[in-house]
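Novice: This is the content of structure-v4.pdb (PDB, C-alpha atoms, pLDDT in the B column):
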```pdb
ATOM      1  CA  MET X 225     -18.072  42.872 -91.478  1.00 56.00           C
ATOM      2  CA  PRO X 226     -19.154  39.413 -90.229  1.00 64.00           C
ATOM      3  CA  PRO X 227     -22.626  38.388 -91.528  1.00 68.00           C
ATOM      4  CA  ASP X 228     -24.046  38.001 -88.001  1.00 78.00           C
ATOM      5  CA  ILE X 229     -23.352  41.652 -87.069  1.00 85.00           C
ATOM      6  CA  THR X 230     -25.697  44.505 -88.026  1.00 87.00           C
ATOM      7  CA  LEU X 231     -25.064  48.193 -87.416  1.00 88.00           C
ATOM      8  CA  VAL X 232     -28.177  49.921 -86.095  1.00 87.00           C
ATOM      9  CA  GLY X 233     -28.854  53.566 -85.364  1.00 83.00           C
ATOM     10  CA  LEU X 234     -25.934  55.144 -87.222  1.00 84.00           C
ATOM     11  CA  ASN X 235     -28.028  58.249 -87.926  1.00 86.00           C
ATOM     12  CA  ALA X 236     -29.898  58.223 -84.619  1.00 86.00           C
ATOM     13  CA  ARG X 237     -29.953  61.293 -82.431  1.00 85.00           C
ATOM     14  CA  GLY X 238     -28.886  60.243 -78.963  1.00 87.00           C
ATOM     15  CA  ILE X 239     -28.877  57.009 -77.036  1.00 90.00           C
ATOM     16  CA  ALA X 240     -32.647  56.902 -76.490  1.00 92.00           C
ATOM     17  CA  GLN X 241     -33.373  56.771 -80.225  1.00 93.00           C
ATOM     18  CA  THR X 242     -30.523  54.311 -80.770  1.00 93.00           C
ATOM     19  CA  ARG X 243     -31.943  51.917 -78.191  1.00 95.00           C
ATOM     20  CA  GLN X 244     -35.435  52.254 -79.611  1.00 95.00           C
ATOM     21  CA  LEU X 245     -34.108  51.404 -83.079  1.00 96.00           C
ATOM     22  CA  ILE X 246     -32.396  48.314 -81.632  1.00 96.00           C
ATOM     23  CA  GLY X 247     -35.748  47.191 -80.236  1.00 97.00           C
ATOM     24  CA  MET X 248     -37.446  47.849 -83.575  1.00 96.00           C
ATOM     25  CA  HIS X 249     -34.737  45.867 -85.370  1.00 95.00           C
ATOM     26  CA  CYS X 250     -35.355  42.925 -83.027  1.00 96.00           C
ATOM     27  CA  GLN X 251     -39.086  43.157 -83.687  1.00 97.00           C
ATOM     28  CA  LYS X 252     -38.405  43.107 -87.436  1.00 96.00           C
ATOM     29  CA  LEU X 253     -36.348  39.941 -87.001  1.00 94.00           C
ATOM     30  CA  GLY X 254     -39.104  38.304 -84.947  1.00 96.00           C
ATOM     31  CA  VAL X 255     -36.943  38.267 -81.812  1.00 95.00           C
ATOM     32  CA  ASP X 256     -38.881  38.262 -78.520  1.00 97.00           C
ATOM     33  CA  THR X 257     -36.108  39.439 -76.173  1.00 98.00           C
ATOM     34  CA  PHE X 258     -32.840  41.354 -76.425  1.00 97.00           C
ATOM     35  CA  VAL X 259     -30.047  42.688 -74.223  1.00 97.00           C
ATOM     36  CA  MET X 260     -28.052  45.916 -74.550  1.00 96.00           C
ATOM     37  CA  LEU X 261     -24.681  46.461 -72.898  1.00 95.00           C
ATOM     38  CA  ASP X 262     -22.490  49.533 -72.508  1.00 93.00           C
ATOM     39  CA  ASP X 263     -19.319  49.125 -74.548  1.00 90.00           C
ATOM     40  CA  ASP X 264     -16.845  49.808 -71.726  1.00 92.00           C
ATOM     41  CA  LEU X 265     -17.841  47.158 -69.202  1.00 96.00           C
ATOM     42  CA  LYS X 266     -15.725  44.726 -67.225  1.00 97.00           C
ATOM     43  CA  PHE X 267     -17.391  41.599 -65.826  1.00 98.00           C
ATOM     44  CA  ILE X 268     -16.691  39.616 -62.683  1.00 98.00           C
ATOM     45  CA  ARG X 269     -18.534  36.911 -60.778  1.00 98.00           C
ATOM     46  CA  ARG X 270     -18.884  35.483 -57.284  1.00 98.00           C
ATOM     47  CA  LYS X 271     -16.075  33.133 -56.266  1.00 97.00           C
ATOM     48  CA  ASP X 272     -18.472  30.578 -54.731  1.00 96.00           C
ATOM     49  CA  PRO X 273     -21.904  30.500 -53.038  1.00 97.00           C
ATOM     50  CA  SER X 274     -20.417  30.798 -49.545  1.00 96.00           C
ATOM     51  CA  ASP X 275     -18.564  34.064 -50.188  1.00 95.00           C
ATOM     52  CA  THR X 276     -19.224  37.571 -51.536  1.00 97.00           C
ATOM     53  CA  LYS X 277     -15.743  37.856 -53.094  1.00 97.00           C
ATOM     54  CA  LEU X 278     -15.659  38.602 -56.834  1.00 98.00           C
ATOM     55  CA  ILE X 279     -13.237  37.071 -59.344  1.00 97.00           C
ATOM     56  CA  SER X 280     -12.560  37.491 -63.069  1.00 96.00           C
ATOM     57  CA  VAL X 281     -14.948  35.809 -65.502  1.00 97.00           C
ATOM     58  CA  GLU X 282     -14.178  33.192 -68.125  1.00 97.00           C
ATOM     59  CA  GLU X 283     -16.030  32.626 -71.388  1.00 96.00           C
ATOM     60  CA  ASP X 284     -18.249  29.976 -69.793  1.00 97.00           C
ATOM     61  CA  ASP X 285     -19.213  32.417 -67.035  1.00 98.00           C
ATOM     62  CA  MET X 286     -20.499  34.905 -69.609  1.00 97.00           C
ATOM     63  CA  SER X 287     -22.448  32.170 -71.390  1.00 97.00           C
ATOM     64  CA  GLN X 288     -24.067  31.169 -68.095  1.00 98.00           C
ATOM     65  CA  MET X 289     -24.894  34.804 -67.332  1.00 98.00           C
ATOM     66  CA  PHE X 290     -26.728  35.320 -70.626  1.00 98.00           C
ATOM     67  CA  THR X 291     -28.518  32.000 -70.189  1.00 98.00           C
ATOM     68  CA  MET X 292     -29.760  33.202 -66.800  1.00 98.00           C
ATOM     69  CA  VAL X 293     -30.840  36.524 -68.288  1.00 98.00           C
ATOM     70  CA  ARG X 294     -32.836  34.714 -70.952  1.00 97.00           C
ATOM     71  CA  ARG X 295     -34.446  32.419 -68.366  1.00 97.00           C
ATOM     72  CA  MET X 296     -35.480  35.360 -66.193  1.00 98.00           C
ATOM     73  CA  LEU X 297     -37.010  37.129 -69.177  1.00 98.00           C
ATOM     74  CA  SER X 298     -39.518  34.277 -69.395  1.00 96.00           C
ATOM     75  CA  SER X 299     -41.150  35.586 -66.213  1.00 95.00           C
ATOM     76  CA  HIS X 300     -40.019  39.251 -66.111  1.00 96.00           C
ATOM     77  CA  CYS X 301     -40.067  41.920 -68.796  1.00 95.00           C
ATOM     78  CA  HIS X 302     -36.816  43.570 -67.693  1.00 98.00           C
ATOM     79  CA  VAL X 303     -33.595  41.984 -66.381  1.00 98.00           C
ATOM     80  CA  GLY X 304     -30.201  43.417 -65.404  1.00 98.00           C
ATOM     81  CA  VAL X 305     -26.839  42.486 -63.902  1.00 98.00           C
ATOM     82  CA  SER X 306     -25.587  44.025 -60.671  1.00 98.00           C
ATOM     83  CA  ALA X 307     -23.033  46.806 -60.643  1.00 97.00           C
ATOM     84  CA  ARG X 308     -19.829  45.919 -58.825  1.00 97.00           C
ATOM     85  CA  GLN X 309     -20.437  48.617 -56.241  1.00 95.00           C
ATOM     86  CA  GLY X 310     -22.965  47.231 -53.772  1.00 95.00           C
ATOM     87  CA  ASN X 311     -22.862  43.691 -55.181  1.00 97.00           C
ATOM     88  CA  ASN X 312     -22.175  42.260 -51.717  1.00 96.00           C
ATOM     89  CA  ASN X 313     -25.287  43.922 -50.259  1.00 95.00           C
ATOM     90  CA  VAL X 314     -27.399  40.831 -50.938  1.00 96.00           C
ATOM     91  CA  GLY X 315     -25.014  38.531 -49.052  1.00 96.00           C
ATOM     92  CA  ALA X 316     -23.786  35.112 -50.173  1.00 97.00           C
ATOM     93  CA  GLY X 317     -25.704  32.449 -52.077  1.00 97.00           C
ATOM     94  CA  SER X 318     -26.151  30.647 -55.376  1.00 97.00           C
ATOM     95  CA  ALA X 319     -26.948  32.285 -58.713  1.00 97.00           C
ATOM     96  CA  ASP X 320     -30.649  31.369 -58.384  1.00 96.00           C
ATOM     97  CA  LEU X 321     -30.873  33.063 -54.985  1.00 96.00           C
ATOM     98  CA  LEU X 322     -28.735  36.137 -55.614  1.00 98.00           C
ATOM     99  CA  ILE X 323     -31.375  38.384 -57.143  1.00 97.00           C
ATOM    100  CA  GLU X 324     -33.129  41.618 -56.239  1.00 97.00           C
ATOM    101  CA  ARG X 325     -36.527  42.562 -57.576  1.00 97.00           C
ATOM    102  CA  ASN X 326     -37.925  45.893 -58.718  1.00 98.00           C
ATOM    103  CA  THR X 327     -34.803  47.976 -58.442  1.00 97.00           C
ATOM    104  CA  ARG X 328     -32.386  50.106 -60.431  1.00 97.00           C
ATOM    105  CA  LEU X 329     -30.863  48.429 -63.486  1.00 97.00           C
ATOM    106  CA  LEU X 330     -27.972  49.948 -65.404  1.00 95.00           C
ATOM    107  CA  ARG X 331     -25.427  49.249 -68.154  1.00 96.00           C
ATOM    108  CA  VAL X 332     -26.726  45.719 -68.832  1.00 98.00           C
ATOM    109  CA  LEU X 333     -30.360  46.056 -69.898  1.00 98.00           C
ATOM    110  CA  ALA X 334     -32.410  43.105 -71.133  1.00 98.00           C
ATOM    111  CA  TYR X 335     -36.023  43.486 -72.248  1.00 98.00           C
ATOM    112  CA  ARG X 336     -38.970  41.740 -73.778  1.00 98.00           C
ATOM    113  CA  VAL X 337     -39.280  43.418 -77.161  1.00 98.00           C
ATOM    114  CA  LYS X 338     -43.048  43.974 -77.018  1.00 97.00           C
ATOM    115  CA  ASP X 339     -43.007  45.554 -73.550  1.00 98.00           C
ATOM    116  CA  PHE X 340     -40.052  47.755 -74.478  1.00 98.00           C
ATOM    117  CA  LEU X 341     -41.561  49.102 -77.687  1.00 98.00           C
ATOM    118  CA  ASN X 342     -44.933  49.798 -76.061  1.00 97.00           C
ATOM    119  CA  LEU X 343     -43.291  52.471 -73.895  1.00 98.00           C
ATOM    120  CA  GLU X 344     -42.716  56.158 -74.632  1.00 97.00           C
ATOM    121  CA  HIS X 345     -39.144  56.784 -75.817  1.00 96.00           C
ATOM    122  CA  GLY X 346     -36.932  59.837 -76.050  1.00 94.00           C
ATOM    123  CA  ARG X 347     -38.619  61.812 -73.295  1.00 96.00           C
ATOM    124  CA  VAL X 348     -35.238  62.659 -71.724  1.00 95.00           C
ATOM    125  CA  ASP X 349     -31.918  63.132 -73.524  1.00 91.00           C
ATOM    126  CA  ILE X 350     -29.961  61.072 -71.020  1.00 90.00           C
ATOM    127  CA  MET X 351     -30.913  58.776 -68.117  1.00 92.00           C
ATOM    128  CA  GLU X 352     -33.543  57.470 -70.511  1.00 95.00           C
ATOM    129  CA  ASP X 353     -32.906  53.967 -69.142  1.00 96.00           C
ATOM    130  CA  PHE X 354     -34.238  55.221 -65.792  1.00 97.00           C
ATOM    131  CA  ASP X 355     -37.347  56.537 -67.537  1.00 98.00           C
ATOM    132  CA  ILE X 356     -37.868  53.189 -69.261  1.00 98.00           C
ATOM    133  CA  THR X 357     -37.441  51.266 -66.001  1.00 98.00           C
ATOM    134  CA  LEU X 358     -39.854  53.551 -64.170  1.00 98.00           C
ATOM    135  CA  GLN X 359     -42.452  53.291 -66.915  1.00 98.00           C
ATOM    136  CA  LEU X 360     -42.352  49.501 -66.657  1.00 98.00           C
ATOM    137  CA  LEU X 361     -42.452  49.466 -62.857  1.00 98.00           C
ATOM    138  CA  ARG X 362     -45.348  51.915 -62.747  1.00 98.00           C
ATOM    139  CA  GLN X 363     -47.249  49.562 -65.049  1.00 97.00           C
ATOM    140  CA  GLY X 364     -46.749  46.842 -62.455  1.00 97.00           C
ATOM    141  CA  LYS X 365     -44.176  45.036 -64.609  1.00 97.00           C
ATOM    142  CA  GLY X 366     -41.412  43.979 -62.253  1.00 96.00           C
ATOM    143  CA  ASN X 367     -37.733  43.506 -62.959  1.00 98.00           C
ATOM    144  CA  VAL X 368     -34.890  41.332 -61.671  1.00 98.00           C
ATOM    145  CA  ASN X 369     -31.257  42.230 -61.013  1.00 98.00           C
ATOM    146  CA  LEU X 370     -28.756  39.333 -60.973  1.00 98.00           C
ATOM    147  CA  TYR X 371     -25.989  39.373 -58.345  1.00 98.00           C
ATOM    148  CA  TRP X 372     -23.950  36.228 -59.035  1.00 98.00           C
ATOM    149  CA  TRP X 373     -22.302  38.275 -61.769  1.00 98.00           C
ATOM    150  CA  ALA X 374     -21.333  41.938 -61.669  1.00 98.00           C
ATOM    151  CA  GLN X 375     -20.258  44.632 -64.099  1.00 98.00           C
ATOM    152  CA  ASP X 376     -18.101  47.733 -63.708  1.00 96.00           C
ATOM    153  CA  GLN X 377     -16.670  50.626 -65.712  1.00 91.00           C
ATOM    154  CA  ASP X 378     -13.655  52.863 -65.161  1.00 80.00           C
ATOM    155  CA  GLN X 379     -15.428  56.228 -65.025  1.00 59.00           C
ATOM    156  CA  THR X 380     -18.784  57.921 -65.479  1.00 54.00           C
ATOM    157  CA  GLN X 381     -17.933  60.200 -68.409  1.00 48.00           C
ATOM    158  CA  ALA X 382     -15.655  58.007 -70.538  1.00 50.00           C
ATOM    159  CA  PRO X 383     -15.044  59.186 -74.142  1.00 54.00           C
ATOM    160  CA  GLY X 384     -17.579  58.114 -76.777  1.00 51.00           C
ATOM    161  CA  GLY X 385     -21.281  57.335 -76.642  1.00 51.00           C
ATOM    162  CA  CYS X 386     -23.482  59.885 -74.914  1.00 58.00           C
ATOM    163  CA  SER X 387     -20.392  61.687 -73.541  1.00 55.00           C
ATOM    164  CA  GLU X 388     -20.303  63.522 -76.883  1.00 60.00           C
ATOM    165  CA  TYR X 389     -23.463  65.478 -76.030  1.00 64.00           C
ATOM    166  CA  ARG X 390     -23.817  64.912 -72.288  1.00 68.00           C
ATOM    167  CA  THR X 391     -23.095  68.270 -70.646  1.00 86.00           C
ATOM    168  CA  GLN X 392     -23.882  69.479 -67.151  1.00 88.00           C
ATOM    169  CA  LEU X 393     -26.838  71.423 -68.561  1.00 89.00           C
ATOM    170  CA  VAL X 394     -28.206  68.462 -70.541  1.00 91.00           C
ATOM    171  CA  HIS X 395     -27.774  66.214 -67.520  1.00 91.00           C
ATOM    172  CA  ALA X 396     -29.531  68.641 -65.170  1.00 93.00           C
ATOM    173  CA  LYS X 397     -32.421  69.177 -67.600  1.00 94.00           C
ATOM    174  CA  SER X 398     -32.906  65.433 -67.983  1.00 95.00           C
ATOM    175  CA  ALA X 399     -32.838  64.923 -64.219  1.00 95.00           C
ATOM    176  CA  THR X 400     -35.454  67.659 -63.769  1.00 96.00           C
ATOM    177  CA  LYS X 401     -37.637  66.207 -66.526  1.00 97.00           C
ATOM    178  CA  LEU X 402     -37.405  62.763 -64.937  1.00 97.00           C
ATOM    179  CA  CYS X 403     -38.714  64.241 -61.695  1.00 97.00           C
ATOM    180  CA  GLU X 404     -41.642  65.802 -63.530  1.00 97.00           C
ATOM    181  CA  LEU X 405     -42.499  62.571 -65.334  1.00 98.00           C
ATOM    182  CA  HIS X 406     -42.323  60.340 -62.277  1.00 98.00           C
ATOM    183  CA  TYR X 407     -43.300  62.454 -59.293  1.00 97.00           C
ATOM    184  CA  PRO X 408     -43.264  61.579 -56.387  1.00 97.00           C
ATOM    185  CA  PHE X 409     -40.868  58.682 -56.980  1.00 98.00           C
ATOM    186  CA  VAL X 410     -37.951  60.808 -58.231  1.00 98.00           C
ATOM    187  CA  LYS X 411     -36.181  63.609 -56.331  1.00 97.00           C
ATOM    188  CA  LEU X 412     -33.238  65.829 -57.297  1.00 95.00           C
ATOM    189  CA  VAL X 413     -30.008  65.558 -55.282  1.00 94.00           C
ATOM    190  CA  LYS X 414     -26.423  66.805 -55.581  1.00 88.00           C
ATOM    191  CA  LYS X 415     -23.787  64.107 -56.098  1.00 78.00           C
ATOM    192  CA  GLU X 416     -20.010  64.134 -55.722  1.00 70.00           C
ATOM    193  CA  ASN X 417     -17.481  61.427 -56.588  1.00 63.00           C
ATOM    194  CA  LYS X 418     -13.773  61.266 -57.423  1.00 59.00           C
ATOM    195  CA  THR X 419     -14.035  59.307 -60.690  1.00 56.00           C
ATOM    196  CA  GLY X 420     -16.613  61.427 -62.489  1.00 51.00           C
ATOM    197  CA  GLY X 421     -14.204  63.909 -64.077  1.00 54.00           C
ATOM    198  CA  GLU X 422     -16.111  67.077 -64.930  1.00 56.00           C
ATOM    199  CA  PHE X 423     -19.192  65.227 -63.659  1.00 55.00           C
ATOM    200  CA  GLY X 424     -17.695  64.656 -60.242  1.00 60.00           C
ATOM    201  CA  HIS X 425     -20.125  67.351 -59.061  1.00 73.00           C
ATOM    202  CA  ARG X 426     -23.516  67.076 -60.698  1.00 79.00           C
ATOM    203  CA  THR X 427     -27.278  67.168 -60.294  1.00 88.00           C
ATOM    204  CA  GLU X 428     -28.493  63.601 -59.836  1.00 92.00           C
ATOM    205  CA  VAL X 429     -31.715  61.799 -58.976  1.00 96.00           C
ATOM    206  CA  ARG X 430     -32.824  59.636 -56.077  1.00 97.00           C
ATOM    207  CA  ILE X 431     -35.475  57.126 -57.120  1.00 98.00           C
ATOM    208  CA  GLN X 432     -37.918  55.006 -55.122  1.00 98.00           C
ATOM    209  CA  TRP X 433     -37.948  52.004 -57.436  1.00 98.00           C
ATOM    210  CA  LYS X 434     -39.936  49.627 -55.241  1.00 98.00           C
ATOM    211  CA  SER X 435     -42.555  52.268 -54.453  1.00 98.00           C
ATOM    212  CA  ALA X 436     -42.996  52.885 -58.183  1.00 98.00           C
ATOM    213  CA  PHE X 437     -43.623  49.163 -58.724  1.00 98.00           C
ATOM    214  CA  GLU X 438     -46.052  49.040 -55.797  1.00 97.00           C
ATOM    215  CA  GLU X 439     -48.087  51.795 -57.425  1.00 96.00           C
ATOM    216  CA  GLY X 440     -48.252  49.779 -60.631  1.00 96.00           C
ATOM    217  CA  ARG X 441     -49.101  46.570 -58.818  1.00 95.00           C
ATOM    218  CA  ILE X 442     -51.991  48.202 -56.971  1.00 95.00           C
ATOM    219  CA  LYS X 443     -53.321  49.766 -60.179  1.00 92.00           C
ATOM    220  CA  ASN X 444     -53.249  46.352 -61.842  1.00 88.00           C
ATOM    221  CA  VAL X 445     -55.181  44.813 -58.943  1.00 84.00           C
ATOM    222  CA  HIS X 446     -57.870  47.512 -59.158  1.00 75.00           C
ATOM    223  CA  ARG X 447     -58.062  47.161 -62.936  1.00 73.00           C
ATOM    224  CA  ASP X 448     -58.485  43.386 -62.690  1.00 66.00           C
ATOM    225  CA  ARG X 449     -61.247  43.799 -60.120  1.00 70.00           C
ATOM    226  CA  GLU X 450     -63.081  46.257 -62.366  1.00 66.00           C
ATOM    227  CA  LEU X 451     -62.798  43.849 -65.294  1.00 61.00           C
ATOM    228  CA  ASP X 452     -64.129  40.997 -63.144  1.00 61.00           C
ATOM    229  CA  GLN X 453     -67.092  43.105 -62.031  1.00 64.00           C
ATOM    230  CA  ARG X 454     -67.915  44.049 -65.610  1.00 68.00           C
ATOM    231  CA  ALA X 455     -67.779  40.401 -66.613  1.00 63.00           C
ATOM    232  CA  ILE X 456     -70.311  39.557 -63.918  1.00 60.00           C
TER
END
```
Can the structure in the file be given as structure tokens, please?
Specialist:
Amino acid sequence: MPPDITLVGLNARGIAQTRQLIGMHCQKLGVDTFVMLDDDLKFIRRKDPSDTKLISVEEDDMSQMFTMVRRMLSSHCHVGVSARQGNNNVGAGSADLLIERNTRLLRVLAYRVKDFLNLEHGRVDIMEDFDITLQLLRQGKGNVNLYWWAQDQDQTQAPGGCSEYRTQLVHAKSATKLCELHYPFVKLVKKENKTGGEFGHRTEVRIQWKSAFEEGRIKNVHRDRELDQRAI
């Protein structure tokens, strides 16, 4: 194995513990930020700033994407890259302008190590990335999703990873638990799609990401005012 590659979480139970161990490994190395990617992703990017069309990426495009992720982590604790579906919703523009704040992030997840490890982990068996995002937003810690680039995968329940233990029952229990943890920002819904295989029909969640952040922002404002009053 190349010396710059380390295997982490071989004995972990589930993706939540694996991701937590990755964060702990980064902390041990003295790394301030890190990014995790699903292993079945395909990347594309905008053709030019005047169009919403997507084209295949080159090596330089990926380097620029990670550079942008790192730059955004200097001012945000959580950064992601847009999914292909819905990428054109933000319209045309340059990489610096094509961003959305305080929203759903998936498959490409970049964090500040300290903020990530200060959260509660493993509270749901799957969709734990949603729990992590909501915890951060409800603390008033905003995120950024980048739209100059996009990522995609062939199907929801591809072999490997959490598909080995992700059943309809496990999925439904996690969705229900997420609702309990983040009421009233999470609601249960029924979802259907043609590419989900056995998960084409499943219990899913609808999340009010921006409302969750607004709650955290307001709490931070009130906390700061209380601290100012105590100082006086």
Novice: Find, counting all atoms listed in the file, the residue in X:Trp372, X:Val303, X:Arg447, X:Arg295 that gets nearest to X:Tyr335.
Specialist: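 Selected residue with least distance to X:Tyr335: X:Val303.
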Novice: One decimal, in Å: what's the spacing between atom CA of X:Gln359 and atom CA of X:Asn312?
Specialist: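 Pair atom CA of X:Gln359 / atom CA of X:Asn312 returns 27.6 Å.
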Novice: Let me make sure I understand: among X:Pro273, X:Ser287, X:His302, X:Leu278, which one has the smallest atom-to-atom distance to X:Asp320 if we use all atoms listed in the file?
Specialist: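 Closest residue, counting all atoms listed in the file: X:Pro273.
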Novice: So which residues get picked by the PyMOL selection byres ((chain X and resi 373) around 12) here, written as a PyMOL selection string?
Specialist: chain X and resi 266-273+276-282+285-290+292-293+304-309+311-312+317-320+322-323+332+369-372+374-376
Novice: Skip X:Leu343 itself and residues of its chain fewer than 4 positions away, then list as a list in words all residues within 10 Å of it, counting all atoms listed in the file.
Specialist: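 With the cut-off at 10 Å, the set is Gln244, Lys338, Asp339, Asp355, Ile356, Thr357, Gln359 and Leu360 of chain X.
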